[in-house]
$ cat upload-v1.pdb   # PDB, C-alpha atoms and all ligand atoms
ATOM      1  CA  MET A   1     110.677  96.822 108.209  1.00  0.00           C
ATOM      2  CA  ASP A   2     112.787  97.854 105.262  1.00  0.00           C
ATOM      3  CA  ALA A   3     111.799  95.168 102.784  1.00  0.00           C
ATOM      4  CA  GLY A   4     114.231  96.542 100.221  1.00  0.00           C
ATOM      5  CA  SER A   5     117.256  95.991 102.405  1.00  0.00           C
ATOM      6  CA  VAL A   6     116.077  92.497 103.285  1.00  0.00           C
ATOM      7  CA  VAL A   7     116.042  91.621  99.614  1.00  0.00           C
ATOM      8  CA  GLU A   8     119.548  92.994  99.290  1.00  0.00           C
ATOM      9  CA  ALA A   9     120.822  90.978 102.250  1.00  0.00           C
ATOM     10  CA  ARG A  10     123.413  88.249 101.893  1.00  0.00           C
ATOM     11  CA  PHE A  11     122.627  84.626 102.555  1.00  0.00           C
ATOM     12  CA  HIS A  12     123.623  81.140 101.452  1.00  0.00           C
ATOM     13  CA  ASP A  13     126.851  80.158 103.197  1.00  0.00           C
ATOM     14  CA  ASN A  14     128.819  83.264 102.181  1.00  0.00           C
ATOM     15  CA  ARG A  15     128.389  82.597  98.517  1.00  0.00           C
ATOM     16  CA  PRO A  16     127.958  85.811  96.502  1.00  0.00           C
ATOM     17  CA  PHE A  17     124.371  86.947  96.598  1.00  0.00           C
ATOM     18  CA  LEU A  18     122.451  87.787  93.421  1.00  0.00           C
ATOM     19  CA  GLN A  19     125.594  88.530  91.491  1.00  0.00           C
ATOM     20  CA  THR A  20     126.496  85.243  89.952  1.00  0.00           C
ATOM     21  CA  SER A  21     125.283  83.387  86.926  1.00  0.00           C
ATOM     22  CA  GLU A  22     127.343  80.326  87.794  1.00  0.00           C
ATOM     23  CA  HIS A  23     125.456  77.066  87.693  1.00  0.00           C
ATOM     24  CA  HIS A  24     126.050  74.083  89.923  1.00  0.00           C
ATOM     25  CA  THR A  25     125.574  70.526  88.895  1.00  0.00           C
ATOM     26  CA  SER A  26     123.421  69.022  91.571  1.00  0.00           C
ATOM     27  CA  THR A  27     124.224  65.497  92.654  1.00  0.00           C
ATOM     28  CA  ALA A  28     123.518  64.192  96.132  1.00  0.00           C
ATOM     29  CA  GLU A  29     124.687  67.534  97.428  1.00  0.00           C
ATOM     30  CA  HIS A  30     122.258  69.836  99.224  1.00  0.00           C
ATOM     31  CA  LEU A  31     123.077  73.536  99.144  1.00  0.00           C
ATOM     32  CA  GLY A  32     121.869  76.057 101.703  1.00  0.00           C
ATOM     33  CA  THR A  33     119.987  75.780 104.969  1.00  0.00           C
ATOM     34  CA  HIS A  34     117.103  73.357 105.267  1.00  0.00           C
ATOM     35  CA  GLY A  35     113.816  75.227 105.339  1.00  0.00           C
ATOM     36  CA  PHE A  36     115.253  78.166 103.408  1.00  0.00           C
ATOM     37  CA  ARG A  37     116.773  76.564 100.337  1.00  0.00           C
ATOM     38  CA  ALA A  38     114.998  76.565  97.001  1.00  0.00           C
ATOM     39  CA  PRO A  39     113.884  73.279  95.409  1.00  0.00           C
ATOM     40  CA  GLU A  40     116.747  73.490  92.901  1.00  0.00           C
ATOM     41  CA  CYS A  41     119.196  73.252  95.849  1.00  0.00           C
ATOM     42  CA  GLU A  42     117.922  69.831  96.888  1.00  0.00           C
ATOM     43  CA  GLY A  43     120.031  66.906  95.816  1.00  0.00           C
ATOM     44  CA  TYR A  44     119.416  65.026  92.581  1.00  0.00           C
ATOM     45  CA  ASN A  45     117.475  67.544  90.566  1.00  0.00           C
ATOM     46  CA  GLN A  46     117.800  68.770  87.025  1.00  0.00           C
ATOM     47  CA  TRP A  47     117.519  72.502  87.642  1.00  0.00           C
ATOM     48  CA  SER A  48     120.298  75.047  87.583  1.00  0.00           C
ATOM     49  CA  GLN A  49     120.664  77.708  90.233  1.00  0.00           C
ATOM     50  CA  ASP A  50     120.704  81.369  89.397  1.00  0.00           C
ATOM     51  CA  PRO A  51     119.843  84.665  91.169  1.00  0.00           C
ATOM     52  CA  ARG A  52     116.221  83.523  91.448  1.00  0.00           C
ATOM     53  CA  THR A  53     117.470  80.836  93.811  1.00  0.00           C
ATOM     54  CA  ASP A  54     118.716  83.534  96.172  1.00  0.00           C
ATOM     55  CA  LEU A  55     115.504  85.515  95.861  1.00  0.00           C
ATOM     56  CA  TYR A  56     113.591  82.417  96.969  1.00  0.00           C
ATOM     57  CA  SER A  57     115.774  82.098 100.077  1.00  0.00           C
ATOM     58  CA  ALA A  58     115.720  85.846 100.772  1.00  0.00           C
ATOM     59  CA  ALA A  59     111.925  85.786 100.789  1.00  0.00           C
ATOM     60  CA  LYS A  60     111.912  82.903 103.272  1.00  0.00           C
ATOM     61  CA  VAL A  61     114.325  84.862 105.457  1.00  0.00           C
ATOM     62  CA  LEU A  62     111.919  87.795 105.179  1.00  0.00           C
ATOM     63  CA  TRP A  63     109.036  85.560 106.299  1.00  0.00           C
ATOM     64  CA  ALA A  64     111.097  84.313 109.258  1.00  0.00           C
ATOM     65  CA  MET A  65     112.107  87.865 110.229  1.00  0.00           C
ATOM     66  CA  VAL A  66     108.572  89.217 110.065  1.00  0.00           C
ATOM     67  CA  THR A  67     107.034  86.312 111.992  1.00  0.00           C
ATOM     68  CA  ASN A  68     109.982  85.578 114.284  1.00  0.00           C
ATOM     69  CA  ASP A  69     109.382  81.911 113.529  1.00  0.00           C
ATOM     70  CA  PRO A  70     111.701  79.324 111.994  1.00  0.00           C
ATOM     71  CA  GLY A  71     111.663  78.858 108.236  1.00  0.00           C
ATOM     72  CA  PHE A  72     109.633  76.163 106.536  1.00  0.00           C
ATOM     73  CA  THR A  73     109.995  73.737 103.684  1.00  0.00           C
ATOM     74  CA  ARG A  74     107.951  73.801 100.467  1.00  0.00           C
ATOM     75  CA  GLU A  75     106.033  76.710  98.982  1.00  0.00           C
ATOM     76  CA  GLU A  76     102.264  76.345  98.997  1.00  0.00           C
ATOM     77  CA  VAL A  77     102.001  76.698 102.788  1.00  0.00           C
ATOM     78  CA  VAL A  78     102.980  80.372 102.579  1.00  0.00           C
ATOM     79  CA  PHE A  79      99.763  80.960 100.641  1.00  0.00           C
ATOM     80  CA  ASN A  80      97.636  78.986 103.073  1.00  0.00           C
ATOM     81  CA  GLN A  81      98.289  78.081 106.704  1.00  0.00           C
ATOM     82  CA  LEU A  82     101.522  80.102 106.880  1.00  0.00           C
ATOM     83  CA  SER A  83     100.127  83.059 104.966  1.00  0.00           C
ATOM     84  CA  LEU A  84     100.704  86.222 106.996  1.00  0.00           C
ATOM     85  CA  VAL A  85      96.980  86.829 106.644  1.00  0.00           C
ATOM     86  CA  PHE A  86      96.456  83.870 108.992  1.00  0.00           C
ATOM     87  CA  TRP A  87      99.777  83.766 110.820  1.00  0.00           C
ATOM     88  CA  LEU A  88      99.756  87.456 111.781  1.00  0.00           C
ATOM     89  CA  LYS A  89      96.018  88.057 111.868  1.00  0.00           C
ATOM     90  CA  ASP A  90      96.360  91.160 114.016  1.00  0.00           C
ATOM     91  CA  ALA A  91      99.033  92.848 111.897  1.00  0.00           C
ATOM     92  CA  PRO A  92      97.350  93.517 108.556  1.00  0.00           C
ATOM     93  CA  MET A  93     100.193  95.748 107.360  1.00  0.00           C
ATOM     94  CA  THR A  94     102.428  92.666 107.200  1.00  0.00           C
ATOM     95  CA  TRP A  95      99.980  91.082 104.754  1.00  0.00           C
ATOM     96  CA  HIS A  96     101.472  93.317 102.065  1.00  0.00           C
ATOM     97  CA  PHE A  97     104.535  91.029 102.084  1.00  0.00           C
ATOM     98  CA  GLN A  98     102.422  88.308 100.463  1.00  0.00           C
ATOM     99  CA  ARG A  99     102.911  90.239  97.231  1.00  0.00           C
ATOM    100  CA  ILE A 100     106.645  89.530  97.502  1.00  0.00           C
ATOM    101  CA  PHE A 101     106.121  85.857  98.390  1.00  0.00           C
ATOM    102  CA  GLU A 102     103.901  85.455  95.329  1.00  0.00           C
ATOM    103  CA  LYS A 103     106.890  86.170  93.133  1.00  0.00           C
ATOM    104  CA  SER A 104     109.665  84.537  95.109  1.00  0.00           C
ATOM    105  CA  ILE A 105     108.589  81.540  97.207  1.00  0.00           C
ATOM    106  CA  ARG A 106     107.485  79.607  94.143  1.00  0.00           C
ATOM    107  CA  HIS A 107     108.447  76.096  93.169  1.00  0.00           C
ATOM    108  CA  SER A 108     108.987  76.942  89.533  1.00  0.00           C
ATOM    109  CA  LEU A 109     111.782  79.375  88.707  1.00  0.00           C
ATOM    110  CA  SER A 110     109.651  80.885  85.958  1.00  0.00           C
ATOM    111  CA  ASP A 111     107.067  82.023  88.521  1.00  0.00           C
ATOM    112  CA  ARG A 112     109.652  84.087  90.431  1.00  0.00           C
ATOM    113  CA  TYR A 113     111.102  87.565  89.943  1.00  0.00           C
ATOM    114  CA  ARG A 114     113.520  87.368  87.053  1.00  0.00           C
ATOM    115  CA  ASN A 115     116.261  89.278  88.853  1.00  0.00           C
ATOM    116  CA  ALA A 116     117.119  91.400  91.888  1.00  0.00           C
ATOM    117  CA  ASP A 117     116.112  94.657  90.196  1.00  0.00           C
ATOM    118  CA  GLU A 118     112.581  93.394  89.726  1.00  0.00           C
ATOM    119  CA  ALA A 119     112.430  92.211  93.333  1.00  0.00           C
ATOM    120  CA  ILE A 120     113.751  95.472  94.760  1.00  0.00           C
ATOM    121  CA  LYS A 121     111.296  97.496  92.682  1.00  0.00           C
ATOM    122  CA  ASP A 122     108.418  95.476  94.143  1.00  0.00           C
ATOM    123  CA  ALA A 123     109.904  95.659  97.647  1.00  0.00           C
ATOM    124  CA  LEU A 124     109.840  99.451  97.384  1.00  0.00           C
ATOM    125  CA  PHE A 125     106.148  99.349  96.435  1.00  0.00           C
ATOM    126  CA  VAL A 126     105.456  97.150  99.427  1.00  0.00           C
ATOM    127  CA  ARG A 127     107.393  99.472 101.714  1.00  0.00           C
ATOM    128  CA  GLU A 128     105.353 102.451 100.496  1.00  0.00           C
ATOM    129  CA  ALA A 129     102.131 100.527 101.071  1.00  0.00           C
ATOM    130  CA  ILE A 130     103.171  99.671 104.643  1.00  0.00           C
ATOM    131  CA  VAL A 131     104.540 103.100 105.547  1.00  0.00           C
ATOM    132  CA  GLY A 132     101.479 104.770 103.999  1.00  0.00           C
ATOM    133  CA  ARG A 133      99.240 102.287 105.836  1.00  0.00           C
ATOM    134  CA  PHE A 134      97.333 101.400 102.697  1.00  0.00           C
ATOM    135  CA  PRO A 135      94.946  98.492 103.235  1.00  0.00           C
ATOM    136  CA  PRO A 136      96.059  95.138 101.800  1.00  0.00           C
ATOM    137  CA  LEU A 137      93.831  93.374  99.274  1.00  0.00           C
ATOM    138  CA  GLU A 138      92.320  91.106 101.911  1.00  0.00           C
ATOM    139  CA  MET A 139      91.058  94.145 103.830  1.00  0.00           C
ATOM    140  CA  LEU A 140      89.590  95.677 100.718  1.00  0.00           C
ATOM    141  CA  ALA A 141      87.569  92.532 100.212  1.00  0.00           C
ATOM    142  CA  THR A 142      85.789  92.994 103.542  1.00  0.00           C
ATOM    143  CA  GLU A 143      82.932  95.288 104.386  1.00  0.00           C
ATOM    144  CA  ILE A 144      85.111  97.606 106.465  1.00  0.00           C
ATOM    145  CA  CYS A 145      85.613 101.021 104.860  1.00  0.00           C
ATOM    146  CA  PRO A 146      89.196 101.264 103.496  1.00  0.00           C
ATOM    147  CA  ILE A 147      89.201 105.043 104.006  1.00  0.00           C
ATOM    148  CA  CYS A 148      88.077 105.622 107.597  1.00  0.00           C
ATOM    149  CA  GLY A 149      88.503 102.053 108.847  1.00  0.00           C
ATOM    150  CA  THR A 150      85.476 102.544 111.048  1.00  0.00           C
ATOM    151  CA  GLY A 151      82.305 102.373 109.015  1.00  0.00           C
ATOM    152  CA  THR A 152      80.961  99.457 107.056  1.00  0.00           C
ATOM    153  CA  LEU A 153      80.336  99.469 103.333  1.00  0.00           C
ATOM    154  CA  GLY A 154      76.845  98.793 102.115  1.00  0.00           C
ATOM    155  CA  GLN A 155      74.521  99.397  99.223  1.00  0.00           C
ATOM    156  CA  PHE A 156      72.813 102.741  98.965  1.00  0.00           C
ATOM    157  CA  SER A 157      69.510 102.609 100.694  1.00  0.00           C
ATOM    158  CA  ASP A 158      66.631 104.730  99.525  1.00  0.00           C
ATOM    159  CA  LYS A 159      66.306 106.250 102.952  1.00  0.00           C
ATOM    160  CA  ASN A 160      69.262 108.191 104.291  1.00  0.00           C
ATOM    161  CA  ASP A 161      72.296 107.656 102.086  1.00  0.00           C
ATOM    162  CA  GLU A 162      70.647 108.508  98.822  1.00  0.00           C
ATOM    163  CA  ALA A 163      69.497 111.842 100.129  1.00  0.00           C
ATOM    164  CA  LEU A 164      72.980 112.637 101.433  1.00  0.00           C
ATOM    165  CA  CYS A 165      74.654 111.630  98.178  1.00  0.00           C
ATOM    166  CA  GLU A 166      71.966 112.962  95.893  1.00  0.00           C
ATOM    167  CA  GLN A 167      74.338 115.119  93.892  1.00  0.00           C
ATOM    168  CA  PHE A 168      76.749 112.234  93.389  1.00  0.00           C
ATOM    169  CA  LEU A 169      74.124 109.737  92.417  1.00  0.00           C
ATOM    170  CA  GLU A 170      72.652 111.972  89.763  1.00  0.00           C
ATOM    171  CA  ASN A 171      75.841 111.577  87.765  1.00  0.00           C
ATOM    172  CA  LEU A 172      75.967 107.793  88.004  1.00  0.00           C
ATOM    173  CA  SER A 173      74.388 105.357  85.613  1.00  0.00           C
ATOM    174  CA  LEU A 174      71.848 103.009  87.129  1.00  0.00           C
ATOM    175  CA  ARG A 175      74.236 100.061  86.758  1.00  0.00           C
ATOM    176  CA  LYS A 176      77.056 101.792  88.619  1.00  0.00           C
ATOM    177  CA  ARG A 177      74.624 103.094  91.160  1.00  0.00           C
ATOM    178  CA  GLN A 178      73.560  99.541  91.933  1.00  0.00           C
ATOM    179  CA  GLY A 179      77.172  98.396  92.377  1.00  0.00           C
ATOM    180  CA  ALA A 180      78.245 101.415  94.419  1.00  0.00           C
ATOM    181  CA  LEU A 181      78.948 100.967  98.098  1.00  0.00           C
ATOM    182  CA  VAL A 182      78.740 103.743 100.624  1.00  0.00           C
ATOM    183  CA  CYS A 183      80.430 103.900 104.014  1.00  0.00           C
ATOM    184  CA  SER A 184      78.052 104.148 106.943  1.00  0.00           C
ATOM    185  CA  TYR A 185      80.461 106.464 108.793  1.00  0.00           C
ATOM    186  CA  CYS A 186      82.436 108.689 106.386  1.00  0.00           C
ATOM    187  CA  TYR A 187      80.115 108.351 103.358  1.00  0.00           C
ATOM    188  CA  HIS A 188      83.011 107.545 101.067  1.00  0.00           C
ATOM    189  CA  VAL A 189      81.557 105.946  97.952  1.00  0.00           C
ATOM    190  CA  SER A 190      83.382 103.168  96.133  1.00  0.00           C
ATOM    191  CA  ILE A 191      82.691 100.971  93.171  1.00  0.00           C
ATOM    192  CA  ARG A 192      84.670  97.770  92.848  1.00  0.00           C
ATOM    193  CA  ASN A 193      84.434  94.499  91.036  1.00  0.00           C
ATOM    194  CA  GLN A 194      83.982  92.245  94.042  1.00  0.00           C
ATOM    195  CA  ALA A 195      83.905  89.096  91.905  1.00  0.00           C
ATOM    196  CA  LEU A 196      87.289  89.878  90.292  1.00  0.00           C
ATOM    197  CA  LEU A 197      88.849  90.868  93.622  1.00  0.00           C
ATOM    198  CA  GLU A 198      87.748  87.607  95.201  1.00  0.00           C
ATOM    199  CA  LYS A 199      88.993  85.666  92.184  1.00  0.00           C
ATOM    200  CA  ARG A 200      92.413  87.244  92.616  1.00  0.00           C
ATOM    201  CA  LEU A 201      92.521  86.353  96.309  1.00  0.00           C
ATOM    202  CA  GLU A 202      91.360  82.821  95.557  1.00  0.00           C
ATOM    203  CA  ARG A 203      94.096  82.404  92.941  1.00  0.00           C
ATOM    204  CA  ARG A 204      96.629  83.421  95.573  1.00  0.00           C
ATOM    205  CA  LYS A 205      95.628  80.417  97.711  1.00  0.00           C
ATOM    206  CA  GLN A 206      96.255  78.031  94.803  1.00  0.00           C
ATOM    207  CA  MET A 207      99.891  79.100  94.395  1.00  0.00           C
ATOM    208  CA  ARG A 208     102.663  76.607  94.853  1.00  0.00           C
TER     209      ARG A 208
HETATM  210 ZN    ZN B 301      84.436 105.251 105.867  1.00  0.00          ZN
END
$ encode --input "upload-v1.pdb" --output "structure tokens" --more "lines below"
Ligand SMILES: [Zn+2]
Amino acid sequence: MDAGSVVEARFHDNRPFLQTSEHHTSTAEHLGTHGFRAPECEGYNQWSQDPRTDLYSAAKVLWAMVTNDPGFTREEVVFNQLSLVFWLKDAPMTWHFQRIFEKSIRHSLSDRYRNADEAIKDALFVREAIVGRFPPLEMLATEICPICGTGTLGQFSDKNDEALCEQFLENLSLRKRQGALVCSYCYHVSIRNQALLEKRLERRKQMR
């Protein structure tokens, strides 16, 4: 999936995409397709539309393309029951798209990408992550080794691992040594702040 070209796609009833700064006065009129339109396109609201309105819709199109499911209304569901982490459980590479949704399918305009350049830059990062098969954050938070994908991460035990990694451990402070995890299969050693990682993932679920 070329996320970058999805972001550049055209949408919204043939109106120019991401190029206009024109503002519409919203009365009873609804603009755009139900399930894809941003909150500022609903009738009777005080917000103006700008390129961020299109980025919102483009991201919902992206969600629909990736899942092959119809679009949806509102925003918070994409961080919960419609999160790709749940919706496409068996396709973890798609979970990287959540990074794009975090900055586009948001109720408040100020929580979204400011413009198309910002969105495309992020889309390119996401594409690299998918093509390079880098593990998404949710996978890093598990006990599966992000390097070999086979072993499980665990604390150093005094028995086998410590002997095998003796050289490495000598150069680590006791504190780091206690927080270090070693893979049971490839012996890759990693140190991460599990509490902060989980906090970040938790914050993602609160988005709206
Ligand atoms: Zn491993």
$ residues_near_ligand --input "upload-v1.pdb" --ligand "ligand ZN 301 (chain B)" --cutoff "8 Å" --atoms "only C-alpha atoms and all ligand atoms" --output "ChimeraX atom specification"
/A:144-153,182-188
$ closest_residue --input "upload-v1.pdb" --among "A:Glu128, A:Glu76, A:Asp111, A:Glu118" --to "Phe97 in chain A" --atoms "only C-alpha atoms"
A:Glu128
$ atom_distance --input "upload-v1.pdb" --atom1 "CA of Phe79 in chain A" --atom2 "CA of Glu143 in chain A"
22.4 Å
$ atom_distance --input "upload-v1.pdb" --atom1 "CA of Arg204 in chain A" --atom2 "CA of Glu102 in chain A"
7.6 Å
$ closest_residue --input "upload-v1.pdb" --among "A:Leu181, A:Met65, A:Leu82, A:Ala123" --to "Thr142 in chain A" --atoms "all atoms listed in the file"
A:Leu181
$ residues_around --input "upload-v1.pdb" --residues "Pro92 in chain A" --least-positions-apart "3" --cutoff "9 Å" --atoms "all atoms listed in the file" --output "JSON list (two decimals) with C-alpha atoms, in the coordinates of the input"
[["chain", "number", "residue", "atom", "x", "y", "z"],
["A", 84, "LEU", "CA", 100.70, 86.22, 107.00],
["A", 85, "VAL", "CA", 96.98, 86.83, 106.64],
["A", 88, "LEU", "CA", 99.76, 87.46, 111.78],
["A", 89, "LYS", "CA", 96.02, 88.06, 111.87],
["A", 95, "TRP", "CA", 99.98, 91.08, 104.75],
["A", 96, "HIS", "CA", 101.47, 93.32, 102.06],
["A", 135, "PRO", "CA", 94.95, 98.49, 103.24],
["A", 136, "PRO", "CA", 96.06, 95.14, 101.80],
["A", 138, "GLU", "CA", 92.32, 91.11, 101.91],
["A", 139, "MET", "CA", 91.06, 94.14, 103.83]]
$ closest_residue --input "upload-v1.pdb" --among "A:Thr53, A:Gln206, A:Gln98, A:Ser104" --to "Ala119 in chain A" --atoms "all atoms listed in the file"
A:Ser104
$ atom_distance --input "upload-v1.pdb" --atom1 "CA of Phe36 in chain A" --atom2 "CA of Leu201 in chain A"
25.2 Å
$ closest_residue --input "upload-v1.pdb" --among "A:Ile120, A:Thr94, A:Leu62, A:Glu40" --to "Arg133 in chain A" --atoms "all atoms listed in the file"
A:Thr94
$ axis_aligned_box --input "upload-v1.pdb" --around "range 101-115 of chain A" --padding-each-side "6 Å" --output "lines of an AutoDock Vina configuration file"
center_x = 110.1
center_y = 82.7
center_z = 92.2
size_x = 24.4
size_y = 25.2
size_z = 24.4
$ closest_residue --input "upload-v1.pdb" --among "A:Arg52, A:Arg192, A:His34, A:Lys205" --to "Asn115 in chain A" --atoms "all atoms listed in the file"
A:Arg52
